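Have a look at coords_11.tsv below; it lists TSV, C-alpha atoms.
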```
chain	number	residue	atom	x	y	z
A	1152	MET	CA	196.86	45.71	-167.13
A	1153	LYS	CA	196.74	43.35	-164.17
A	1154	GLN	CA	193.59	43.21	-162.07
A	1155	VAL	CA	193.25	42.82	-158.30
A	1156	VAL	CA	189.93	42.08	-156.60
A	1157	ILE	CA	189.81	43.11	-152.93
A	1158	THR	CA	186.98	42.29	-150.54
A	1159	GLY	CA	186.29	44.64	-147.64
A	1160	ALA	CA	187.92	47.38	-149.71
A	1161	ASN	CA	185.98	50.40	-148.47
A	1162	ARG	CA	188.11	51.13	-145.39
A	1163	GLY	CA	191.09	50.09	-143.27
A	1164	ILE	CA	193.57	47.59	-144.68
A	1165	GLY	CA	191.37	46.86	-147.70
A	1166	LEU	CA	191.27	50.52	-148.70
A	1167	GLU	CA	195.02	50.88	-148.25
A	1168	LEU	CA	195.55	47.78	-150.42
A	1169	ALA	CA	193.36	49.39	-153.08
A	1170	ARG	CA	195.44	52.58	-152.91
A	1171	HIS	CA	198.67	50.60	-153.19
A	1172	TYR	CA	197.69	48.61	-156.26
A	1173	GLN	CA	196.12	51.62	-157.97
A	1174	ALA	CA	199.42	53.46	-157.53
A	1175	GLU	CA	201.21	50.44	-159.01
A	1176	GLY	CA	199.10	50.70	-162.15
A	1177	TRP	CA	196.73	47.80	-161.53
A	1178	LYS	CA	193.04	47.72	-162.31
A	1179	VAL	CA	191.47	47.72	-158.84
A	1180	THR	CA	188.08	46.16	-158.19
A	1181	GLY	CA	186.82	46.95	-154.71
A	1182	VAL	CA	184.17	44.67	-153.23
A	1183	CYS	CA	182.22	45.78	-150.17
A	1184	ARG	CA	178.84	46.04	-148.49
A	1185	GLU	CA	178.84	49.83	-148.72
A	1186	SER	CA	181.24	51.88	-150.77
A	1187	SER	CA	183.09	54.99	-149.59
A	1188	PRO	CA	184.30	58.16	-151.32
A	1189	GLU	CA	187.87	57.07	-150.56
A	1190	LEU	CA	187.38	53.77	-152.37
A	1191	GLU	CA	185.62	55.40	-155.31
A	1192	SER	CA	188.62	57.69	-155.77
A	1193	VAL	CA	191.04	54.82	-156.36
A	1194	ALA	CA	189.00	51.86	-157.62
A	1195	THR	CA	188.57	51.23	-161.32
A	1196	GLN	CA	185.45	49.22	-160.49
A	1197	THR	CA	183.41	49.12	-157.31
A	1198	ILE	CA	181.01	46.28	-156.59
A	1199	ASP	CA	179.02	47.20	-153.50
A	1200	GLY	CA	176.00	45.73	-151.77
A	1201	ILE	CA	177.89	42.45	-151.41
A	1202	ASP	CA	177.18	40.40	-148.29
A	1203	VAL	CA	179.96	37.81	-148.28
A	1204	THR	CA	177.77	35.35	-146.35
A	1205	SER	CA	175.01	35.45	-148.99
A	1206	GLU	CA	174.92	33.05	-151.92
A	1207	GLU	CA	172.82	35.57	-153.87
A	1208	SER	CA	175.46	38.26	-153.32
A	1209	ILE	CA	178.24	35.96	-154.46
A	1210	MET	CA	176.27	35.18	-157.61
A	1211	ARG	CA	175.98	38.94	-158.26
A	1212	LEU	CA	179.72	39.31	-157.73
A	1213	VAL	CA	180.43	36.53	-160.22
A	1214	ALA	CA	178.09	38.13	-162.77
A	1215	ALA	CA	179.75	41.54	-162.32
A	1216	LEU	CA	183.18	40.01	-162.99
A	1217	GLN	CA	182.12	37.78	-165.87
A	1218	GLY	CA	184.74	37.75	-168.62
A	1219	GLN	CA	187.35	39.56	-166.52
A	1220	THR	CA	190.71	38.02	-165.66
A	1221	ILE	CA	191.69	38.19	-161.98
A	1222	ASP	CA	195.44	38.18	-161.42
A	1223	LEU	CA	195.18	38.63	-157.67
A	1224	LEU	CA	192.28	37.97	-155.30
A	1225	ILE	CA	192.68	39.43	-151.81
A	1226	ASN	CA	190.20	38.00	-149.32
A	1227	ASN	CA	190.27	40.80	-146.76
A	1228	ALA	CA	186.71	41.18	-145.47
A	1229	GLY	CA	186.42	40.17	-141.83
A	1230	VAL	CA	184.85	40.86	-138.46
A	1231	MET	CA	186.12	40.67	-134.89
A	1232	GLN	CA	183.83	40.44	-131.88
A	1233	ASP	CA	184.69	39.71	-128.27
A	1234	GLU	CA	183.30	37.01	-125.99
A	1235	THR	CA	183.74	36.33	-122.30
A	1236	LEU	CA	183.86	32.81	-120.93
A	1237	GLY	CA	180.64	32.26	-119.02
A	1238	LYS	CA	178.79	34.68	-121.31
A	1239	LEU	CA	179.53	33.20	-124.71
A	1240	ASP	CA	177.32	34.43	-127.54
A	1241	PHE	CA	177.10	31.55	-129.98
A	1242	ASP	CA	175.35	33.68	-132.58
A	1243	SER	CA	178.46	35.86	-132.55
A	1244	LEU	CA	180.70	32.80	-132.90
A	1245	ARG	CA	178.66	31.58	-135.87
A	1246	LEU	CA	178.73	35.00	-137.55
A	1247	GLN	CA	182.50	35.26	-137.26
A	1248	MET	CA	182.89	31.76	-138.66
A	1249	GLU	CA	180.65	32.62	-141.61
A	1250	ILE	CA	182.46	35.87	-142.45
A	1251	ASN	CA	186.05	35.06	-141.52
A	1252	ALA	CA	186.32	31.41	-142.57
A	1253	PHE	CA	183.57	30.30	-144.92
A	1254	ALA	CA	183.10	33.47	-147.01
A	1255	PRO	CA	186.69	33.67	-148.36
A	1256	ILE	CA	186.57	30.07	-149.52
A	1257	ARG	CA	183.12	30.60	-151.03
A	1258	ILE	CA	184.39	33.62	-152.95
A	1259	SER	CA	187.63	31.93	-154.03
A	1260	GLU	CA	185.76	28.91	-155.38
A	1261	ALA	CA	183.21	31.09	-157.18
A	1262	LEU	CA	185.89	33.19	-158.89
A	1263	LEU	CA	188.25	30.39	-159.91
A	1264	PRO	CA	186.98	30.44	-163.53
A	1265	ASN	CA	188.40	33.99	-163.74
A	1266	MET	CA	191.82	32.97	-162.46
A	1267	PRO	CA	194.37	31.52	-164.91
A	1268	ALA	CA	197.65	29.82	-164.07
A	1269	GLY	CA	199.99	32.38	-162.54
A	1270	SER	CA	197.31	34.17	-160.55
A	1271	LYS	CA	197.40	34.43	-156.77
A	1272	ILE	CA	195.09	34.39	-153.76
A	1273	ALA	CA	196.10	36.36	-150.66
A	1274	ASN	CA	194.04	35.53	-147.59
A	1275	ILE	CA	194.21	38.22	-144.91
A	1276	THR	CA	194.02	36.18	-141.73
A	1277	SER	CA	195.47	36.75	-138.24
A	1278	ARG	CA	198.14	35.29	-136.01
A	1279	MET	CA	195.27	34.98	-133.50
A	1280	GLY	CA	194.29	31.99	-135.65
A	1281	SER	CA	197.55	30.30	-134.68
A	1282	ILE	CA	196.91	27.62	-132.05
A	1283	ALA	CA	200.61	27.37	-131.21
A	1284	ASP	CA	200.83	31.14	-130.68
A	1285	ASN	CA	197.81	31.42	-128.37
A	1286	ASP	CA	199.11	32.28	-124.90
A	1287	SER	CA	196.41	34.72	-123.79
A	1288	GLY	CA	193.09	32.97	-124.42
A	1289	GLY	CA	189.80	34.76	-125.07
A	1290	ARG	CA	188.42	35.96	-128.42
A	1291	TYR	CA	186.82	32.56	-128.94
A	1292	GLY	CA	184.94	33.34	-132.14
A	1293	TYR	CA	187.71	35.31	-133.77
A	1294	ARG	CA	190.45	32.82	-132.91
A	1295	ALA	CA	188.36	29.83	-133.99
A	1296	SER	CA	187.25	31.45	-137.25
A	1297	LYS	CA	190.78	32.47	-138.21
A	1298	ALA	CA	192.15	29.03	-137.29
A	1299	ALA	CA	189.47	27.50	-139.54
A	1300	PHE	CA	190.35	30.01	-142.26
A	1301	ASN	CA	194.00	28.98	-142.02
A	1302	ALA	CA	193.06	25.30	-142.37
A	1303	LEU	CA	190.81	26.04	-145.35
A	1304	GLY	CA	193.44	28.26	-146.95
A	1305	ARG	CA	196.09	25.58	-146.59
A	1306	SER	CA	193.84	23.04	-148.33
A	1307	LEU	CA	193.06	25.59	-151.04
A	1308	ALA	CA	196.78	26.07	-151.68
A	1309	ILE	CA	197.33	22.33	-152.05
A	1310	ASP	CA	194.34	21.87	-154.34
A	1311	LEU	CA	195.23	24.82	-156.58
A	1312	LYS	CA	198.96	24.20	-156.92
A	1313	GLY	CA	198.40	21.90	-159.86
A	1314	ARG	CA	196.42	24.66	-161.58
A	1315	GLY	CA	199.32	27.09	-161.17
A	1316	ILE	CA	197.57	29.28	-158.59
A	1317	ALA	CA	199.50	30.22	-155.43
A	1318	VAL	CA	197.81	30.92	-152.10
A	1319	ALA	CA	199.11	32.57	-148.92
A	1320	GLN	CA	197.72	33.17	-145.43
A	1321	LEU	CA	198.89	36.63	-144.38
A	1322	HIS	CA	198.78	38.33	-140.97
A	1323	PRO	CA	198.77	42.12	-141.45
A	1324	GLY	CA	200.17	42.94	-138.01
A	1325	PHE	CA	198.43	44.87	-135.22
A	1326	VAL	CA	197.14	47.66	-137.42
A	1327	LYS	CA	195.57	50.97	-136.40
A	1328	THR	CA	192.12	50.41	-137.87
A	1329	ARG	CA	188.52	50.77	-136.75
A	1330	MET	CA	188.36	47.02	-136.01
A	1331	VAL	CA	190.65	47.57	-133.00
A	1332	ASN	CA	189.48	51.13	-132.23
A	1333	PHE	CA	192.67	52.44	-133.84
A	1334	GLY	CA	194.71	50.99	-130.97
A	1335	GLY	CA	197.22	49.12	-133.11
A	1336	ILE	CA	200.98	49.38	-133.38
A	1337	ILE	CA	201.54	50.00	-137.09
A	1338	THR	CA	199.71	52.11	-139.67
A	1339	PRO	CA	197.72	50.66	-142.58
A	1340	GLU	CA	200.41	52.01	-144.89
A	1341	GLU	CA	203.14	50.13	-143.04
A	1342	SER	CA	201.07	46.96	-142.99
A	1343	VAL	CA	200.26	47.08	-146.68
A	1344	ALA	CA	203.89	47.73	-147.63
A	1345	GLY	CA	204.76	44.42	-145.97
A	1346	LEU	CA	201.73	42.58	-147.30
A	1347	ALA	CA	202.55	43.67	-150.84
A	1348	GLU	CA	206.08	42.33	-150.46
A	1349	ARG	CA	204.76	38.97	-149.28
A	1350	ILE	CA	202.29	38.82	-152.16
A	1351	GLU	CA	205.00	39.71	-154.69
A	1352	ALA	CA	207.19	36.92	-153.30
A	1353	LEU	CA	204.37	34.36	-153.32
A	1354	ASN	CA	204.92	31.52	-155.78
A	1355	LEU	CA	204.21	27.82	-156.22
A	1356	GLU	CA	207.23	26.88	-154.10
A	1357	ASN	CA	206.05	28.73	-150.97
A	1358	THR	CA	202.31	28.43	-151.59
A	1359	GLY	CA	200.30	27.44	-148.53
A	1360	SER	CA	202.54	29.29	-146.06
A	1361	PHE	CA	201.43	31.49	-143.15
A	1362	TRP	CA	203.32	34.79	-143.05
A	1363	HIS	CA	203.45	37.93	-140.94
A	1364	SER	CA	203.53	41.09	-143.03
A	1365	ASN	CA	207.06	41.70	-141.67
A	1366	GLY	CA	208.28	38.53	-143.38
A	1367	ASP	CA	208.29	36.15	-140.41
A	1368	GLU	CA	206.79	32.72	-141.04
A	1369	LEU	CA	204.15	32.04	-138.38
A	1370	PRO	CA	203.33	28.76	-136.62
A	1371	TRP	CA	200.01	27.08	-137.23
```

The structure in this file should be written as structure tokens.
Amino acid sequence: MKQVVITGANRGIGLELARHYQAEGWKVTGVCRESSPELESVATQTIDGIDVTSEESIMRLVAALQGQTIDLLINNAGVMQDETLGKLDFDSLRLQMEINAFAPIRISEALLPNMPAGSKIANITSRMGSIADNDSGGRYGYRASKAAFNALGRSLAIDLKGRGIAVAQLHPGFVKTRMVNFGGIITPEESVAGLAERIEALNLENTGSFWHSNGDELPW
């Protein structure tokens, strides 16, 4: 049985990803700060109390997964806060950088011993991290952290290609989740259907690409 490890799995896109892979017959390991009844109903294994910015938490995550093979790691945990020019909150900018950019790379590096050739890493990023696509400004911390995440993910893909591990940066779309006060355009189910297709199609030939869940390749 294949295993998927999903961070931020207790709600939103992460929870819907857990539901999808459980229905596909995968062993689902949900990683989160605080679990939920919905996650417990679909996850084979839940590892909660994990702060993705904490080295101690990452060590606990590694210990909990010791000896387990990870076929797919989905770095989904993230945060979005808003900032206004003239009233920038640099603590907010730093927090978003820690969670959105640094944490996924920290987790990926820590779990590499569990990932054999043929495994995959799916990084749930955002098209708001695209510098070329930015025509509306604002969201300084979120845009910067996702742009950094894209750069880090691209390097990760290059470095892991020789080990047979493929990596993709994936934009889920504007999804109706709590992060955007449920004001999105598509449902989590619609988003995850597209994300799953992109992950299935991910291989060593297209590793390091930046994709929309609808299949469009996005500009950096």

| message | Show me the residues close to (203.3, 34.3, -133.7) - anything with an atom within 7 Å, counting all atoms listed in the file - and format the list as a list in words. | response | Arg1278, Asp1284, Leu1369 and Pro1370 of chain A

Contact table stretch 1156-1187 of chain A vs stretch 1252-1256 of chain A, cut-off 12 Å, shortest pair per residue, only C-alpha atoms, as a Markdown table:
```
| residue | atom | partner | partner_atom | distance |
| --- | --- | --- | --- | --- |
| A:Ile1157 | CA | A:Pro1255 | CA | 10.9 |
| A:Thr1158 | CA | A:Pro1255 | CA | 8.9 |
| A:Gly1159 | CA | A:Pro1255 | CA | 11.0 |
```

Select from stretch 1249-1323 of chain A every residue with an atom at most 12 Å from any atom of stretch 1221-1245 of chain A, then for each give the shortest pair of atoms and their distance in Å to one decimal, using only C-alpha atoms, rows by chain and rising number, as a tab-separated table.
```
residue	atom	partner	partner_atom	distance
A:Glu1249	CA	A:Arg1245	CA	6.2
A:Ile1250	CA	A:Gly1229	CA	5.9
A:Asn1251	CA	A:Gly1229	CA	5.1
A:Ala1252	CA	A:Gly1229	CA	8.8
A:Phe1253	CA	A:Arg1245	CA	10.4
A:Ala1254	CA	A:Ala1228	CA	8.7
A:Pro1255	CA	A:Asn1226	CA	5.7
A:Ile1256	CA	A:Asn1226	CA	8.7
A:Arg1257	CA	A:Asn1226	CA	10.4
A:Ile1258	CA	A:Asn1226	CA	8.1
A:Ser1259	CA	A:Leu1224	CA	7.7
A:Glu1260	CA	A:Leu1224	CA	11.2
A:Ala1261	CA	A:Leu1224	CA	11.5
A:Leu1262	CA	A:Ile1221	CA	8.3
A:Leu1263	CA	A:Ile1221	CA	8.8
A:Pro1264	CA	A:Ile1221	CA	9.2
A:Asn1265	CA	A:Ile1221	CA	5.6
A:Met1266	CA	A:Ile1221	CA	5.2
A:Pro1267	CA	A:Asp1222	CA	7.6
A:Ala1268	CA	A:Asp1222	CA	9.0
A:Gly1269	CA	A:Asp1222	CA	7.5
A:Ser1270	CA	A:Asp1222	CA	4.5
A:Lys1271	CA	A:Leu1223	CA	4.8
A:Ile1272	CA	A:Leu1224	CA	4.8
A:Ala1273	CA	A:Ile1225	CA	4.7
A:Asn1274	CA	A:Asn1226	CA	4.9
A:Ile1275	CA	A:Asn1227	CA	5.1
A:Thr1276	CA	A:Asn1227	CA	7.8
A:Ser1277	CA	A:Gly1229	CA	10.3
A:Met1279	CA	A:Met1231	CA	10.9
A:Gly1280	CA	A:Met1231	CA	11.9
A:Gly1288	CA	A:Leu1236	CA	9.9
A:Gly1289	CA	A:Thr1235	CA	6.8
A:Arg1290	CA	A:Asp1233	CA	5.3
A:Tyr1291	CA	A:Glu1234	CA	6.4
A:Gly1292	CA	A:Leu1244	CA	4.3
A:Tyr1293	CA	A:Met1231	CA	5.7
A:Arg1294	CA	A:Met1231	CA	9.2
A:Ala1295	CA	A:Leu1244	CA	8.3
A:Ser1296	CA	A:Leu1244	CA	8.0
A:Lys1297	CA	A:Gly1229	CA	9.6
A:Phe1300	CA	A:Asn1226	CA	10.7
A:Gly1304	CA	A:Asn1226	CA	10.5
A:Gly1315	CA	A:Asp1222	CA	11.8
A:Ile1316	CA	A:Asp1222	CA	9.6
A:Ala1317	CA	A:Leu1223	CA	9.7
A:Val1318	CA	A:Leu1224	CA	9.5
A:Ala1319	CA	A:Ile1225	CA	9.8
A:Gln1320	CA	A:Asn1226	CA	9.7
A:Leu1321	CA	A:Asn1227	CA	9.9
A:His1322	CA	A:Asn1227	CA	10.6
A:Pro1323	CA	A:Asn1227	CA	10.1
```

| Suppose you want the space between atom CA of A:Gly1324 and atom CA of A:Gly1176; what is it in Å? |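 Result for atom CA of A:Gly1324 versus atom CA of A:Gly1176: 25.4 Å, one decimal.
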
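Closest to A:Ile1282 among A:Asp1202, A:Glu1341, A:Trp1371, A:Asn1357 is A:Trp1371, based on all atoms listed in the file.
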
| said: Show me, as a PyMOL selection string, the residues that have an atom within 7 Å of A:Ala1194 when counting all atoms listed in the file, minus same-chain residues fewer than 6 positions from it. | reply: chain A and resi 1169+1179-1181

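Distance-wise, atom CA of A:Ala1215 and atom CA of A:Gly1200 end up 12.0 Å apart.
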
| request: Work out how far atom CA of A:Lys1178 is from atom CA of A:Lys1153, in Å to one decimal. | output: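 These atoms are spaced 6.0 Å apart.
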
| task | Find the residue from A:Asn1301, A:Asn1161, A:Ser1208, A:Ser1364 that sits nearest to A:Glu1185; use only C-alpha atoms when measuring. | result | A:Asn1161

A:Arg1349 environment, 10 Å, all atoms listed in the file, sequence neighbours closer than 2 positions dropped, as an mmCIF file with C-alpha atoms, in the coordinates of the input:
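Saved the output as around-v3.cif:
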```cif
data_model
loop_
_atom_site.group_PDB
_atom_site.id
_atom_site.type_symbol
_atom_site.label_atom_id
_atom_site.label_comp_id
_atom_site.auth_asym_id
_atom_site.auth_seq_id
_atom_site.Cartn_x
_atom_site.Cartn_y
_atom_site.Cartn_z
ATOM 1 C CA ALA A 1273 196.100 36.360 -150.660
ATOM 2 C CA ALA A 1319 199.110 32.570 -148.920
ATOM 3 C CA GLN A 1320 197.720 33.170 -145.430
ATOM 4 C CA LEU A 1321 198.890 36.630 -144.380
ATOM 5 C CA VAL A 1343 200.260 47.080 -146.680
ATOM 6 C CA ALA A 1344 203.890 47.730 -147.630
ATOM 7 C CA GLY A 1345 204.760 44.420 -145.970
ATOM 8 C CA LEU A 1346 201.730 42.580 -147.300
ATOM 9 C CA ALA A 1347 202.550 43.670 -150.840
ATOM 10 C CA GLU A 1351 205.000 39.710 -154.690
ATOM 11 C CA ALA A 1352 207.190 36.920 -153.300
ATOM 12 C CA LEU A 1353 204.370 34.360 -153.320
ATOM 13 C CA ASN A 1354 204.920 31.520 -155.780
ATOM 14 C CA TRP A 1362 203.320 34.790 -143.050
ATOM 15 C CA HIS A 1363 203.450 37.930 -140.940
ATOM 16 C CA SER A 1364 203.530 41.090 -143.030
ATOM 17 C CA ASN A 1365 207.060 41.700 -141.670
ATOM 18 C CA GLY A 1366 208.280 38.530 -143.380
ATOM 19 C CA ASP A 1367 208.290 36.150 -140.410
#
```

Residue rebuild result stretch 1163-1186 of chain A, N, CA and C atoms as a PDB file, keeping the file's coordinate frame:
```pdb
ATOM      1  N   GLY A1163     190.044  50.838-143.951  1.00  0.00           N
ATOM      2  CA  GLY A1163     191.090  50.090-143.270  1.00  0.00           C
ATOM      3  C   GLY A1163     192.142  49.496-144.200  1.00  0.00           C
ATOM      4  N   ILE A1164     192.522  48.263-143.909  1.00  0.00           N
ATOM      5  CA  ILE A1164     193.570  47.590-144.680  1.00  0.00           C
ATOM      6  C   ILE A1164     193.129  47.398-146.126  1.00  0.00           C
ATOM      7  N   GLY A1165     191.867  47.054-146.333  1.00  0.00           N
ATOM      8  CA  GLY A1165     191.370  46.860-147.700  1.00  0.00           C
ATOM      9  C   GLY A1165     191.504  48.104-148.537  1.00  0.00           C
ATOM     10  N   LEU A1166     191.148  49.249-147.976  1.00  0.00           N
ATOM     11  CA  LEU A1166     191.270  50.520-148.700  1.00  0.00           C
ATOM     12  C   LEU A1166     192.725  50.831-148.988  1.00  0.00           C
ATOM     13  N   GLU A1167     193.601  50.589-148.035  1.00  0.00           N
ATOM     14  CA  GLU A1167     195.020  50.880-148.250  1.00  0.00           C
ATOM     15  C   GLU A1167     195.607  49.941-149.312  1.00  0.00           C
ATOM     16  N   LEU A1168     195.135  48.697-149.353  1.00  0.00           N
ATOM     17  CA  LEU A1168     195.550  47.780-150.420  1.00  0.00           C
ATOM     18  C   LEU A1168     195.087  48.311-151.779  1.00  0.00           C
ATOM     19  N   ALA A1169     193.865  48.824-151.831  1.00  0.00           N
ATOM     20  CA  ALA A1169     193.360  49.390-153.080  1.00  0.00           C
ATOM     21  C   ALA A1169     194.223  50.570-153.523  1.00  0.00           C
ATOM     22  N   ARG A1170     194.584  51.430-152.588  1.00  0.00           N
ATOM     23  CA  ARG A1170     195.440  52.580-152.910  1.00  0.00           C
ATOM     24  C   ARG A1170     196.795  52.104-153.434  1.00  0.00           C
ATOM     25  N   HIS A1171     197.353  51.100-152.785  1.00  0.00           N
ATOM     26  CA  HIS A1171     198.670  50.600-153.190  1.00  0.00           C
ATOM     27  C   HIS A1171     198.650  50.078-154.619  1.00  0.00           C
ATOM     28  N   TYR A1172     197.689  49.219-154.927  1.00  0.00           N
ATOM     29  CA  TYR A1172     197.690  48.610-156.260  1.00  0.00           C
ATOM     30  C   TYR A1172     197.262  49.594-157.339  1.00  0.00           C
ATOM     31  N   GLN A1173     196.450  50.569-157.002  1.00  0.00           N
ATOM     32  CA  GLN A1173     196.120  51.620-157.970  1.00  0.00           C
ATOM     33  C   GLN A1173     197.375  52.412-158.320  1.00  0.00           C
ATOM     34  N   ALA A1174     198.177  52.720-157.295  1.00  0.00           N
ATOM     35  CA  ALA A1174     199.420  53.460-157.530  1.00  0.00           C
ATOM     36  C   ALA A1174     200.424  52.654-158.343  1.00  0.00           C
ATOM     37  N   GLU A1175     200.323  51.316-158.254  1.00  0.00           N
ATOM     38  CA  GLU A1175     201.210  50.440-159.010  1.00  0.00           C
ATOM     39  C   GLU A1175     200.727  50.205-160.437  1.00  0.00           C
ATOM     40  N   GLY A1176     199.594  50.795-160.790  1.00  0.00           N
ATOM     41  CA  GLY A1176     199.100  50.700-162.150  1.00  0.00           C
ATOM     42  C   GLY A1176     198.160  49.539-162.424  1.00  0.00           C
ATOM     43  N   TRP A1177     197.658  48.905-161.365  1.00  0.00           N
ATOM     44  CA  TRP A1177     196.730  47.800-161.530  1.00  0.00           C
ATOM     45  C   TRP A1177     195.303  48.307-161.717  1.00  0.00           C
ATOM     46  N   LYS A1178     194.478  47.507-162.342  1.00  0.00           N
ATOM     47  CA  LYS A1178     193.040  47.720-162.310  1.00  0.00           C
ATOM     48  C   LYS A1178     192.548  47.207-160.957  1.00  0.00           C
ATOM     49  N   VAL A1179     191.911  48.065-160.190  1.00  0.00           N
ATOM     50  CA  VAL A1179     191.470  47.720-158.840  1.00  0.00           C
ATOM     51  C   VAL A1179     189.957  47.560-158.808  1.00  0.00           C
ATOM     52  N   THR A1180     189.503  46.393-158.411  1.00  0.00           N
ATOM     53  CA  THR A1180     188.080  46.160-158.190  1.00  0.00           C
ATOM     54  C   THR A1180     187.853  46.020-156.685  1.00  0.00           C
ATOM     55  N   GLY A1181     187.120  46.959-156.130  1.00  0.00           N
ATOM     56  CA  GLY A1181     186.820  46.950-154.710  1.00  0.00           C
ATOM     57  C   GLY A1181     185.453  46.347-154.452  1.00  0.00           C
ATOM     58  N   VAL A1182     185.408  45.367-153.571  1.00  0.00           N
ATOM     59  CA  VAL A1182     184.170  44.670-153.230  1.00  0.00           C
ATOM     60  C   VAL A1182     183.826  44.999-151.772  1.00  0.00           C
ATOM     61  N   CYS A1183     182.583  45.386-151.524  1.00  0.00           N
ATOM     62  CA  CYS A1183     182.220  45.780-150.170  1.00  0.00           C
ATOM     63  C   CYS A1183     180.699  45.785-150.004  1.00  0.00           C
ATOM     64  N   ARG A1184     180.269  45.891-148.769  1.00  0.00           N
ATOM     65  CA  ARG A1184     178.840  46.040-148.490  1.00  0.00           C
ATOM     66  C   ARG A1184     178.374  47.445-148.855  1.00  0.00           C
ATOM     67  N   GLU A1185     179.172  48.430-148.461  1.00  0.00           N
ATOM     68  CA  GLU A1185     178.840  49.830-148.720  1.00  0.00           C
ATOM     69  C   GLU A1185     180.096  50.560-149.124  1.00  0.00           C
ATOM     70  N   SER A1186     180.058  51.206-150.263  1.00  0.00           N
ATOM     71  CA  SER A1186     181.240  51.880-150.770  1.00  0.00           C
ATOM     72  C   SER A1186     181.540  53.136-149.954  1.00  0.00           C
TER      73      SER A1186
END
```
